[in-house]
Each structure stands twice: as structure tokens, then as C-alpha cells.
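As provided, structure_37.cif (mmCIF, C-alpha atoms) reads as follows.
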```
data_run
#
loop_
_atom_site.group_PDB
_atom_site.id
_atom_site.type_symbol
_atom_site.label_atom_id
_atom_site.label_comp_id
_atom_site.auth_asym_id
_atom_site.auth_seq_id
_atom_site.Cartn_x
_atom_site.Cartn_y
_atom_site.Cartn_z
ATOM 1 C CA ILE A 1 80.106 -121.101 -73.032
ATOM 2 C CA GLU A 2 81.495 -120.010 -76.350
ATOM 3 C CA THR A 3 84.773 -118.124 -76.346
ATOM 4 C CA VAL A 4 85.290 -115.755 -79.237
ATOM 5 C CA PRO A 5 88.771 -114.358 -79.836
ATOM 6 C CA THR A 6 88.731 -110.573 -79.910
ATOM 7 C CA PRO A 7 91.391 -107.992 -80.695
ATOM 8 C CA ASP A 8 92.807 -105.849 -77.923
ATOM 9 C CA ILE A 9 90.809 -102.657 -78.248
ATOM 10 C CA GLY A 10 91.946 -101.075 -75.018
ATOM 11 C CA ALA A 11 88.654 -101.804 -73.316
ATOM 12 C CA VAL A 12 88.134 -101.193 -69.620
ATOM 13 C CA ASN A 13 85.127 -102.642 -67.820
ATOM 14 C CA ILE A 14 83.755 -100.340 -65.121
ATOM 15 C CA ASP A 15 80.315 -101.123 -63.759
ATOM 16 C CA TRP A 16 77.785 -98.365 -64.467
ATOM 17 C CA ARG A 17 76.916 -98.160 -60.770
ATOM 18 C CA GLU A 18 80.368 -96.706 -60.105
ATOM 19 C CA PHE A 19 79.247 -93.575 -61.961
ATOM 20 C CA ILE A 20 76.188 -92.740 -59.858
ATOM 21 C CA ASP A 21 75.326 -92.790 -56.172
ATOM 22 C CA PRO A 22 72.261 -94.594 -54.739
ATOM 23 C CA THR A 23 70.132 -91.471 -55.282
ATOM 24 C CA GLY A 24 71.028 -91.349 -58.991
ATOM 25 C CA LYS A 25 73.422 -88.409 -58.775
ATOM 26 C CA PRO A 26 76.796 -88.572 -60.546
ATOM 27 C CA LYS A 27 79.692 -89.559 -58.282
ATOM 28 C CA THR A 28 82.356 -86.876 -58.247
ATOM 29 C CA THR A 29 84.971 -89.528 -57.423
ATOM 30 C CA ILE A 30 84.650 -91.181 -60.831
ATOM 31 C CA ALA A 31 87.269 -88.913 -62.465
ATOM 32 C CA ALA A 32 89.996 -90.201 -60.138
ATOM 33 C CA ARG A 33 88.894 -93.799 -60.798
ATOM 34 C CA LEU A 34 89.034 -93.233 -64.553
ATOM 35 C CA GLU A 35 92.436 -91.556 -64.442
ATOM 36 C CA GLY A 36 93.665 -94.485 -62.369
ATOM 37 C CA VAL A 37 93.038 -96.797 -65.328
ATOM 38 C CA GLY A 38 94.367 -94.370 -67.936
ATOM 39 C CA ILE A 39 91.114 -92.762 -69.083
ATOM 40 C CA THR A 40 91.610 -89.025 -69.369
ATOM 41 C CA LYS A 41 89.436 -86.200 -70.676
ATOM 42 C CA ASP A 42 91.453 -85.870 -73.882
ATOM 43 C CA LYS A 43 90.749 -89.457 -75.000
ATOM 44 C CA ARG A 44 87.954 -90.734 -77.188
ATOM 45 C CA ILE A 45 85.697 -92.991 -75.113
ATOM 46 C CA ILE A 46 83.095 -95.334 -76.563
ATOM 47 C CA VAL A 47 80.733 -96.586 -73.864
ATOM 48 C CA ILE A 48 78.870 -99.831 -74.461
ATOM 49 C CA SER A 49 76.387 -101.890 -72.466
ATOM 50 C CA SER A 50 74.113 -104.776 -73.389
ATOM 51 C CA ARG A 51 71.458 -102.677 -75.112
ATOM 52 C CA GLY A 52 72.820 -99.140 -74.891
ATOM 53 C CA VAL A 53 70.663 -97.855 -72.031
ATOM 54 C CA ARG A 54 73.133 -98.026 -69.154
ATOM 55 C CA SER A 55 75.904 -96.813 -71.430
ATOM 56 C CA ALA A 56 73.776 -93.747 -72.261
ATOM 57 C CA LEU A 57 73.657 -92.899 -68.556
ATOM 58 C CA VAL A 58 77.420 -93.362 -68.202
ATOM 59 C CA THR A 59 78.024 -91.223 -71.306
ATOM 60 C CA HIS A 60 75.864 -88.475 -69.795
ATOM 61 C CA VAL A 61 77.897 -88.558 -66.566
ATOM 62 C CA LEU A 62 81.182 -88.531 -68.470
ATOM 63 C CA ARG A 63 80.161 -85.509 -70.522
ATOM 64 C CA ARG A 64 78.926 -83.709 -67.426
ATOM 65 C CA PHE A 65 82.417 -84.056 -65.949
ATOM 66 C CA GLY A 66 84.184 -82.784 -69.057
ATOM 67 C CA TYR A 67 84.831 -85.960 -71.044
ATOM 68 C CA SER A 68 83.637 -84.280 -74.251
ATOM 69 C CA LYS A 69 84.871 -87.115 -76.477
ATOM 70 C CA ALA A 70 82.644 -89.699 -74.755
ATOM 71 C CA ALA A 71 80.072 -91.399 -76.976
ATOM 72 C CA ASN A 72 77.428 -94.070 -76.471
ATOM 73 C CA TYR A 73 77.159 -97.107 -78.747
ATOM 74 C CA ALA A 74 73.359 -96.968 -78.728
ATOM 75 C CA GLY A 75 72.673 -100.469 -80.039
ATOM 76 C CA GLY A 76 74.783 -102.066 -77.369
ATOM 77 C CA HIS A 77 76.714 -105.290 -77.278
ATOM 78 C CA LEU A 78 73.699 -107.319 -78.414
ATOM 79 C CA GLU A 79 73.562 -105.364 -81.679
ATOM 80 C CA LEU A 80 77.272 -105.914 -82.220
ATOM 81 C CA LEU A 81 76.840 -109.654 -81.738
ATOM 82 C CA ALA A 82 73.884 -109.775 -84.123
ATOM 83 C CA ARG A 83 75.805 -107.763 -86.715
ATOM 84 C CA SER A 84 78.823 -110.022 -86.367
ATOM 85 C CA LYS A 85 76.715 -113.157 -86.822
ATOM 86 C CA SER A 86 74.948 -111.764 -89.893
ATOM 87 C CA GLN A 87 78.269 -110.809 -91.503
ATOM 88 C CA LYS A 88 79.592 -114.348 -91.059
ATOM 89 C CA LYS A 89 76.721 -115.844 -93.095
#
```

Can the structure from this file be put into C-alpha cells for me?
Amino acid sequence: IETVPTPDIGAVNIDWREFIDPTGKPKTTIAARLEGVGITKDKRIIVISSRGVRSALVTHVLRRFGYSKAANYAGGHLELLARSKSQKK
């Protein structure tokens, strides 16, 4: 396992399944969970997943509940890694 030092970007890891119930409907309890970790509707939120698919779902849920500054990083973490590696060459 390779450990790469990263700057503190204020990231919070919340599993995408915490945003929807088993039927695929948004969980209304997510707002309290987010506020509990300091994520409020007035903050800019960049959502990222491996490839950008799950983060798109989470972004949709966030916007539905009034987090208008939520955005999806569509390429996902894998794109960021590839970009980082190509910049180091």
C-alpha cells in the first residue's frame, strides 16, 4: 500500500448509502447527519467518488434538500489520481 501525503482539505467521508434508503429514496435524516459534522447549506460542497457516479447521486440528494452549493466532481478520484501521475512525469 502506497501512502501519499495530502493537504488537509476539510474532507469528510460519508458513505453514499447514508443518503438514500433501501428503496432509493433520499433519507430525510441526512441533513442532521451533515450538520453534525459541520456541513451546512451555506457551504460549498464538492462530492467525489471513485468514478463520479455515486457522487452524482449524492449531489442530487444534497441539492434536493437545499444544499445549492453542492457539486459533483464527475471524473472521480480515479481521474484525479491519473491527472496527478501525469503531472509528475

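Here the PyMOL selection byres ((chain A and resi 50-62) around 8) catches exactly these residues: Trp16, Phe19, Pro26, Val47, Ile48, Ser49, Arg63, Arg64, Phe65, Gly66, Tyr67, Ser68, Ala70, Ala71, Asn72, Tyr73, Ala74, Gly75, Gly76, His77, Leu78 and Glu79 of chain A.
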
Give the answer as one residue: which of A:Pro22, A:Lys27, A:Arg17, A:Val12 has the shortest atom-to-atom distance to Ile39 (chain A), using all atoms listed in the file?
-> A:Val12

What is the CA of Ile14 (chain A) to CA of Leu80 (chain A) distance in Å?
->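 Value for the CA of Ile14 (chain A)-CA of Leu80 (chain A) distance: 19.1 Å.
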
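Candidate residues A:Arg33, A:Arg44, A:Lys25, A:Lys69 were compared for distance to Gly10 (chain A), and the nearest is A:Arg44, using all atoms listed in the file.
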
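Interatomic distance, CA of Arg83 (chain A) to CA of Asp15 (chain A): 24.3 Å.
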
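Note that CA of Glu18 (chain A) and CA of Val37 (chain A) are 13.7 Å apart.
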